[in-house]
Structure formats: structure tokens, C-alpha cells
Amino acid sequence: MRLILCERQDLAEPEVTVAYREMTTSVQRVSDYVRYVDQTILCKKDNEECGVLINDIFYLESVDKKVFVYCEKEVYGSNYRLYELVELLSQVGFVRVSKSVVLNVEKLTGIKTLVNSKLEAKLSNGESVCVTRKYLKNIRNELLRRNKG
Amino acid sequence: MKNVILNIMATTGISLVALSLVATLYDGSLICIDTIFQVLGLNAVIFIGLYFMEFIEYRYAILETGLKLIYIILLVLISGFLWGWYSNLPGVVFVLMTIAIFIVCTCLDAISLISEVKSINILIGGEEESK
């Protein structure tokens with residue numbers, strides 16, 4: 001894929017144009033990335049509110065009705081309920097992988113079966129999260145959706 | 001739903017093969033048509049229950065397996081009582097048969113899970129993870 005960067009003083013904000021002959025996986029991923037690159041969700045860290053970029057989120061976990069947002073190294077709290085975040089982020093490649101965990105498929109590097117038939121999702125930051133078999137089809141559907149182009 | 005029906009049919013087939021083997025050991029020569037439908041009905045009830053048990057997330061795999069096995073054995077024993085199976089075979093044989101079928105089905109399920117995970121890893125592009 002050829003990259004053309006062009007500096008233009010007349011633009012109020014950066015603009016991205018993706019030119020393609022046919023919609024491929026790569027084009028779809030670039031467009032998804034651009035669409036959500038600046039979007040944030042409101043989180044809390046040390047009682048201070050801050051916006052976390054959606055693309056930086058690896059996974060979300062609900063523990064005792066509190067939602068935690070896991071980035072590469074940082075962990076934030078969120079006032080949202082998990083189901084609200086699932087609704088909000090499902091268009092951006094986040095899928096529920098167990099009752100309490102929602103995963104960013106973009107950060108997924110592989111799935112491993114454990115000896116006891118349990119499943120483990122490996123993330124690009126080296127972390128792993130448990131996947132319930134029932135939700136395996138969510139991951140597959142999201143990957144198929146992304147590969148459709 | 002398609003998978004549940006497929007599982008019911010497959011397990012009914014495995015159960016009938018196991019039943020035929022056990023019947024042969026007890027010098028049996030035929031299986032009644034009633035029995036086939038009883039086994040099908042029992043498997044349908046078992047899988048409907050297992051479908052709802054899937055909604056519970058278990059902390060330990062052994063607990064999940066144990067609960068499922070106990071549930072299935074209980075249903076088999078109740079069915080045996082209702083349909084008079086104990087006049088032909090002792091209850092313990094049914095329990096042993098249930099455990100054997102459960103092990104076979106768990107192995108088949110594990111094979112299917114591994115292949116499902118492998119196909120997902122191919123989609124991710126992480127084939128190495130599945131090795």
C-alpha cells in the first residue's frame with residue numbers, strides 16, 4: 001500500500017482519503033482505524049477523569065459491577081456498565097469473549113486451547129484473557145466481517 | 001439450534017452402538033424400536049439441559065464436567081426407572097455406559113474445539129499460536 005502524506009495549511013483538521021480499486025481487508029482496516037483513531041471513552045484514573053483512545057484499549061473487564069479498561073500497560077476505571085460499552089464499541093471490533101470480558105479483536109494475536117478445554121486469548125501486549133466457548137463465534141464473526149473486504 | 005439437533009442425533013447414534021455392544025455381552029439379539037425413541041428422547045432432554053448449563057460460567061473445568069456428568073447420570077437413572085430398563089440390565093451398567101459415552105463425546109468435542117480454534121487462528125493470521 002502506497003502512502004502519500006501531504007501538508008496543507010488550508011485544512012482545519014487532518015483529512016484522510018483512501019483511494020482503492022477494490023475494497024480489501026487492508027483497506028477496510030485502514031478505514032476502520034481512521035474512523036475511530038480519535039474517538040475516546042471517558043475513564044477514571046486516580047479519581048481524575050480522562051479520555052482513553054478506543055484504539056489503545058486492549059480489553060474491558062467487569063469486576064463486581066465495576067468496569068476496568070485495560071490498555072497496553074495502564075488500567076482505568078469506567079462509570080459505564082459493560083453492556084453499554086459493548087453496544088458502543090461493537091462497531092469498532094470489540095467482542096464479548098466471556099460474561100465479564102470484552103476484547104478488542106485488533107489486539108488479538110491468537111487463541112490457545114488449554115488442557116481442560118478452556119480457551120485463552122493471547123493479546124499483542126503479552127497478556128492473556130479467558131474466553132468462554134459460547135462466545136468463540138463472536139470472535140470468528142468479527143474476524144470474518146473484517147476479512148470480508 | 002442446528003448444533004443442538006446435530007449433537008442429539010450423534011449422541012443417540014453413539015448410545016445405540018454402546019447399547020448394542022452391551023446387549024451383545026448379555027446375549028441380547030435385538031433392540032426394540034421403543035428403545036430407539038426412548039434413547040432419542042433422553043438425549044434431547046439431556047442436551048436441552050446442557051444448553052442451559054452453558055449459560056453458567058464455571059470457575060473450574062472439573063466442576064463443570066462433574067456437574068454435567070452427574071446431571072446426565074441422574075437423567076439416565078430416572079429414564080431407566082420410568083421405562084423399565086432395569087428389568088433387562090442392572091443400573092450400574094447404565095451408569096458405566098453413560099460414563100463411557102460421556103468420555104467419547106468429550107473427546108469428540110475437544111477435537112471439534114481444536115479445529116474451531118485453529119480456523120480462528122488462521123483468520124487472525126496467528127497460525128503459530130495454534131501449534
# chains A, B, ... in the order shown; residues from 1 in each chain; ligands from 1

call {"tool": "select_by_dssp", "arguments": {"residues": "chain A", "states": "helix (DSSP H, G or I)", "output": "PyMOL selection string"}}
result
chain A and resi 25-36+54-56+82-92+105-107+133-147

call {"tool": "write_last_selection", "arguments": {"atoms": "C-alpha atoms", "output": "CSV table (one decimal), in the first residue's frame"}}
result
chain,number,residue,atom,x,y,z
A,25,THR,CA,-9.1,-6.4,4.1
A,26,SER,CA,-6.2,-3.9,4.4
A,27,VAL,CA,-8.3,-1.0,3.0
A,28,GLN,CA,-11.2,-1.9,5.4
A,29,ARG,CA,-8.8,-2.0,8.3
A,30,VAL,CA,-7.2,1.3,7.4
A,31,SER,CA,-10.6,2.9,7.1
A,32,ASP,CA,-11.8,1.4,10.4
A,33,TYR,CA,-8.6,2.6,12.1
A,34,VAL,CA,-9.0,6.2,10.7
A,35,ARG,CA,-12.7,6.3,11.6
A,36,TYR,CA,-12.1,5.6,15.2
A,54,ILE,CA,-10.6,3.5,21.7
A,55,ASN,CA,-7.7,2.1,19.6
A,56,ASP,CA,-5.5,2.0,22.7
A,82,LEU,CA,-20.2,-3.4,30.4
A,83,TYR,CA,-23.3,-3.8,28.3
A,84,GLU,CA,-23.2,-0.1,27.4
A,85,LEU,CA,-19.6,-0.4,26.3
A,86,VAL,CA,-20.4,-3.5,24.3
A,87,GLU,CA,-23.1,-1.5,22.4
A,88,LEU,CA,-20.8,1.4,22.0
A,89,LEU,CA,-17.8,-0.5,20.8
A,90,SER,CA,-19.2,-3.4,18.9
A,91,GLN,CA,-18.8,-1.5,15.6
A,92,VAL,CA,-15.1,-0.9,16.3
A,105,VAL,CA,-10.1,-8.1,18.2
A,106,GLU,CA,-7.5,-5.8,16.7
A,107,LYS,CA,-5.2,-6.6,19.7
A,133,ARG,CA,-16.5,-21.3,24.2
A,134,LYS,CA,-20.0,-19.9,23.8
A,135,TYR,CA,-18.5,-16.6,22.7
A,136,LEU,CA,-16.0,-18.1,20.3
A,137,LYS,CA,-18.3,-17.5,17.4
A,138,ASN,CA,-18.3,-13.7,18.3
A,139,ILE,CA,-14.6,-13.6,17.6
A,140,ARG,CA,-15.0,-15.7,14.4
A,141,ASN,CA,-17.8,-13.4,13.1
A,142,GLU,CA,-15.9,-10.3,13.8
A,143,LEU,CA,-12.8,-11.6,12.0
A,144,LEU,CA,-14.9,-12.7,9.1
A,145,ARG,CA,-16.5,-9.3,9.0
A,146,ARG,CA,-13.1,-7.7,8.9
A,147,ASN,CA,-11.8,-10.1,6.3

call {"tool": "residues_around", "arguments": {"residues": "segment 118-123 of chain A", "least_positions_apart": "3", "cutoff": "12 Å", "atoms": "only C-alpha atoms", "output": "ChimeraX atom specification"}}
result
/A:57-59,70-72,96-98,101-115,126-136,139 /B:57-62,64-65,110,113-114,116-118,120-121,124,126,128-130

call {"tool": "atom_distance", "arguments": {"atom1": "atom CA of Gly51 of chain A", "atom2": "atom CA of Val67 of chain A"}}
result
14.9 Å

call {"tool": "residues_around", "arguments": {"residues": "Leu42 of chain A", "least_positions_apart": "2", "cutoff": "9 Å", "atoms": "only C-alpha atoms", "output": "MDAnalysis selection string"}}
result
chainID A and resid 40 44 49:52 78:80

call {"tool": "write_last_selection", "arguments": {"atoms": "C-alpha atoms", "output": "PDB file, in the first residue's frame"}}
result
ATOM      1  CA  THR A  40     -12.211   8.270  23.162  1.00  0.00           C
ATOM      2  CA  LYS A  44     -11.087   7.458  35.521  1.00  0.00           C
ATOM      3  CA  GLU A  49     -11.387  11.804  34.573  1.00  0.00           C
ATOM      4  CA  CYS A  50      -9.552  11.251  31.317  1.00  0.00           C
ATOM      5  CA  GLY A  51     -10.340  10.214  27.778  1.00  0.00           C
ATOM      6  CA  VAL A  52      -8.863   6.927  26.590  1.00  0.00           C
ATOM      7  CA  SER A  78     -15.088   3.445  33.925  1.00  0.00           C
ATOM      8  CA  ASN A  79     -18.513   4.576  35.008  1.00  0.00           C
ATOM      9  CA  TYR A  80     -20.113   2.821  32.069  1.00  0.00           C
TER      10      TYR A  80
END

call {"tool": "closest_residue", "arguments": {"among": "B:Thr98, B:Leu69, B:Leu74, B:Leu63", "to": "chain A", "atoms": "only C-alpha atoms"}}
result
B:Leu63

call {"tool": "atom_distance", "arguments": {"atom1": "atom CA of Thr17 of chain A", "atom2": "atom CA of Ile41 of chain A"}}
result
25.2 Å

call {"tool": "decode", "arguments": {"residues": "segment 32-131 of chain B", "atoms": "C-alpha atoms", "output": "PDB file, in the first residue's frame"}}
result
ATOM      1  CA  CYS B  32     -36.783 -52.665  20.379  1.00  0.00           C
ATOM      2  CA  ILE B  33     -37.983 -49.723  18.286  1.00  0.00           C
ATOM      3  CA  ASP B  34     -39.349 -48.252  21.560  1.00  0.00           C
ATOM      4  CA  THR B  35     -35.806 -48.192  22.955  1.00  0.00           C
ATOM      5  CA  ILE B  36     -34.510 -46.184  19.992  1.00  0.00           C
ATOM      6  CA  PHE B  37     -37.132 -43.490  20.550  1.00  0.00           C
ATOM      7  CA  GLN B  38     -36.566 -43.585  24.315  1.00  0.00           C
ATOM      8  CA  VAL B  39     -32.830 -43.029  23.788  1.00  0.00           C
ATOM      9  CA  LEU B  40     -33.576 -40.201  21.342  1.00  0.00           C
ATOM     10  CA  GLY B  41     -35.985 -38.578  23.831  1.00  0.00           C
ATOM     11  CA  LEU B  42     -33.498 -38.939  26.679  1.00  0.00           C
ATOM     12  CA  ASN B  43     -30.707 -37.372  24.613  1.00  0.00           C
ATOM     13  CA  ALA B  44     -32.990 -34.491  23.634  1.00  0.00           C
ATOM     14  CA  VAL B  45     -33.743 -33.784  27.318  1.00  0.00           C
ATOM     15  CA  ILE B  46     -30.033 -34.099  28.205  1.00  0.00           C
ATOM     16  CA  PHE B  47     -28.965 -31.623  25.513  1.00  0.00           C
ATOM     17  CA  ILE B  48     -31.692 -29.114  26.334  1.00  0.00           C
ATOM     18  CA  GLY B  49     -30.438 -29.145  29.934  1.00  0.00           C
ATOM     19  CA  LEU B  50     -26.796 -28.892  28.810  1.00  0.00           C
ATOM     20  CA  TYR B  51     -27.718 -25.953  26.571  1.00  0.00           C
ATOM     21  CA  PHE B  52     -28.985 -24.032  29.592  1.00  0.00           C
ATOM     22  CA  MET B  53     -25.996 -25.134  31.695  1.00  0.00           C
ATOM     23  CA  GLU B  54     -23.758 -23.410  29.126  1.00  0.00           C
ATOM     24  CA  PHE B  55     -25.057 -20.054  30.365  1.00  0.00           C
ATOM     25  CA  ILE B  56     -23.302 -20.598  33.698  1.00  0.00           C
ATOM     26  CA  GLU B  57     -19.602 -19.756  33.751  1.00  0.00           C
ATOM     27  CA  TYR B  58     -17.715 -22.202  35.911  1.00  0.00           C
ATOM     28  CA  ARG B  59     -14.513 -21.242  37.649  1.00  0.00           C
ATOM     29  CA  TYR B  60     -13.121 -24.767  37.489  1.00  0.00           C
ATOM     30  CA  ALA B  61     -13.366 -27.084  34.493  1.00  0.00           C
ATOM     31  CA  ILE B  62     -13.573 -30.126  36.776  1.00  0.00           C
ATOM     32  CA  LEU B  63     -16.649 -28.677  38.495  1.00  0.00           C
ATOM     33  CA  GLU B  64     -18.320 -28.110  35.124  1.00  0.00           C
ATOM     34  CA  THR B  65     -17.507 -31.637  33.936  1.00  0.00           C
ATOM     35  CA  GLY B  66     -18.586 -33.162  37.257  1.00  0.00           C
ATOM     36  CA  LEU B  67     -21.923 -31.325  37.313  1.00  0.00           C
ATOM     37  CA  LYS B  68     -22.687 -32.261  33.723  1.00  0.00           C
ATOM     38  CA  LEU B  69     -21.846 -35.908  34.335  1.00  0.00           C
ATOM     39  CA  ILE B  70     -23.971 -36.070  37.490  1.00  0.00           C
ATOM     40  CA  TYR B  71     -26.876 -34.414  35.666  1.00  0.00           C
ATOM     41  CA  ILE B  72     -26.646 -36.910  32.785  1.00  0.00           C
ATOM     42  CA  ILE B  73     -26.335 -39.949  35.080  1.00  0.00           C
ATOM     43  CA  LEU B  74     -29.370 -38.782  37.083  1.00  0.00           C
ATOM     44  CA  LEU B  75     -31.431 -38.396  33.922  1.00  0.00           C
ATOM     45  CA  VAL B  76     -30.359 -41.838  32.675  1.00  0.00           C
ATOM     46  CA  LEU B  77     -31.272 -43.439  36.012  1.00  0.00           C
ATOM     47  CA  ILE B  78     -34.664 -41.683  36.105  1.00  0.00           C
ATOM     48  CA  SER B  79     -35.341 -42.736  32.490  1.00  0.00           C
ATOM     49  CA  GLY B  80     -34.380 -46.312  33.351  1.00  0.00           C
ATOM     50  CA  PHE B  81     -36.871 -46.263  36.189  1.00  0.00           C
ATOM     51  CA  LEU B  82     -39.647 -44.715  34.059  1.00  0.00           C
ATOM     52  CA  TRP B  83     -39.198 -47.014  31.061  1.00  0.00           C
ATOM     53  CA  GLY B  84     -38.367 -50.187  32.978  1.00  0.00           C
ATOM     54  CA  TRP B  85     -34.828 -50.645  31.656  1.00  0.00           C
ATOM     55  CA  TYR B  86     -33.676 -52.312  34.882  1.00  0.00           C
ATOM     56  CA  SER B  87     -35.598 -55.493  34.065  1.00  0.00           C
ATOM     57  CA  ASN B  88     -33.047 -56.179  31.327  1.00  0.00           C
ATOM     58  CA  LEU B  89     -29.819 -54.650  32.670  1.00  0.00           C
ATOM     59  CA  PRO B  90     -28.638 -53.594  36.146  1.00  0.00           C
ATOM     60  CA  GLY B  91     -28.451 -49.844  36.876  1.00  0.00           C
ATOM     61  CA  VAL B  92     -24.684 -49.908  37.312  1.00  0.00           C
ATOM     62  CA  VAL B  93     -24.268 -50.991  33.671  1.00  0.00           C
ATOM     63  CA  PHE B  94     -26.225 -47.915  32.577  1.00  0.00           C
ATOM     64  CA  VAL B  95     -24.021 -45.712  34.748  1.00  0.00           C
ATOM     65  CA  LEU B  96     -20.850 -47.218  33.251  1.00  0.00           C
ATOM     66  CA  MET B  97     -22.284 -46.870  29.747  1.00  0.00           C
ATOM     67  CA  THR B  98     -23.129 -43.232  30.439  1.00  0.00           C
ATOM     68  CA  ILE B  99     -19.596 -42.516  31.645  1.00  0.00           C
ATOM     69  CA  ALA B 100     -18.095 -44.240  28.573  1.00  0.00           C
ATOM     70  CA  ILE B 101     -20.354 -42.299  26.181  1.00  0.00           C
ATOM     71  CA  PHE B 102     -19.593 -39.070  28.057  1.00  0.00           C
ATOM     72  CA  ILE B 103     -15.836 -39.657  27.644  1.00  0.00           C
ATOM     73  CA  VAL B 104     -16.221 -40.405  23.908  1.00  0.00           C
ATOM     74  CA  CYS B 105     -18.383 -37.296  23.394  1.00  0.00           C
ATOM     75  CA  THR B 106     -15.964 -35.111  25.404  1.00  0.00           C
ATOM     76  CA  CYS B 107     -13.063 -36.301  23.220  1.00  0.00           C
ATOM     77  CA  LEU B 108     -15.033 -35.610  20.021  1.00  0.00           C
ATOM     78  CA  ASP B 109     -15.980 -32.199  21.414  1.00  0.00           C
ATOM     79  CA  ALA B 110     -12.335 -31.414  22.188  1.00  0.00           C
ATOM     80  CA  ILE B 111     -11.338 -32.341  18.621  1.00  0.00           C
ATOM     81  CA  SER B 112     -14.032 -30.056  17.235  1.00  0.00           C
ATOM     82  CA  LEU B 113     -12.944 -27.236  19.574  1.00  0.00           C
ATOM     83  CA  ILE B 114      -9.310 -27.563  18.484  1.00  0.00           C
ATOM     84  CA  SER B 115     -10.295 -27.345  14.823  1.00  0.00           C
ATOM     85  CA  GLU B 116     -12.550 -24.343  15.537  1.00  0.00           C
ATOM     86  CA  VAL B 117      -9.692 -22.553  17.317  1.00  0.00           C
ATOM     87  CA  LYS B 118      -7.304 -23.428  14.515  1.00  0.00           C
ATOM     88  CA  SER B 119      -9.599 -21.864  11.918  1.00  0.00           C
ATOM     89  CA  ILE B 120      -9.900 -18.710  14.047  1.00  0.00           C
ATOM     90  CA  ASN B 121      -6.120 -18.536  14.409  1.00  0.00           C
ATOM     91  CA  ILE B 122      -5.811 -18.765  10.640  1.00  0.00           C
ATOM     92  CA  LEU B 123      -8.214 -15.848  10.371  1.00  0.00           C
ATOM     93  CA  ILE B 124      -6.138 -13.882  12.861  1.00  0.00           C
ATOM     94  CA  GLY B 125      -3.025 -14.796  10.970  1.00  0.00           C
ATOM     95  CA  GLY B 126      -1.638 -16.383  14.069  1.00  0.00           C
ATOM     96  CA  GLU B 127      -1.262 -19.946  12.875  1.00  0.00           C
ATOM     97  CA  GLU B 128       1.764 -20.382  15.113  1.00  0.00           C
ATOM     98  CA  GLU B 129      -0.370 -19.881  18.209  1.00  0.00           C
ATOM     99  CA  SER B 130      -2.497 -22.909  17.410  1.00  0.00           C
ATOM    100  CA  LYS B 131       0.505 -25.263  17.210  1.00  0.00           C
TER     101      LYS B 131
END
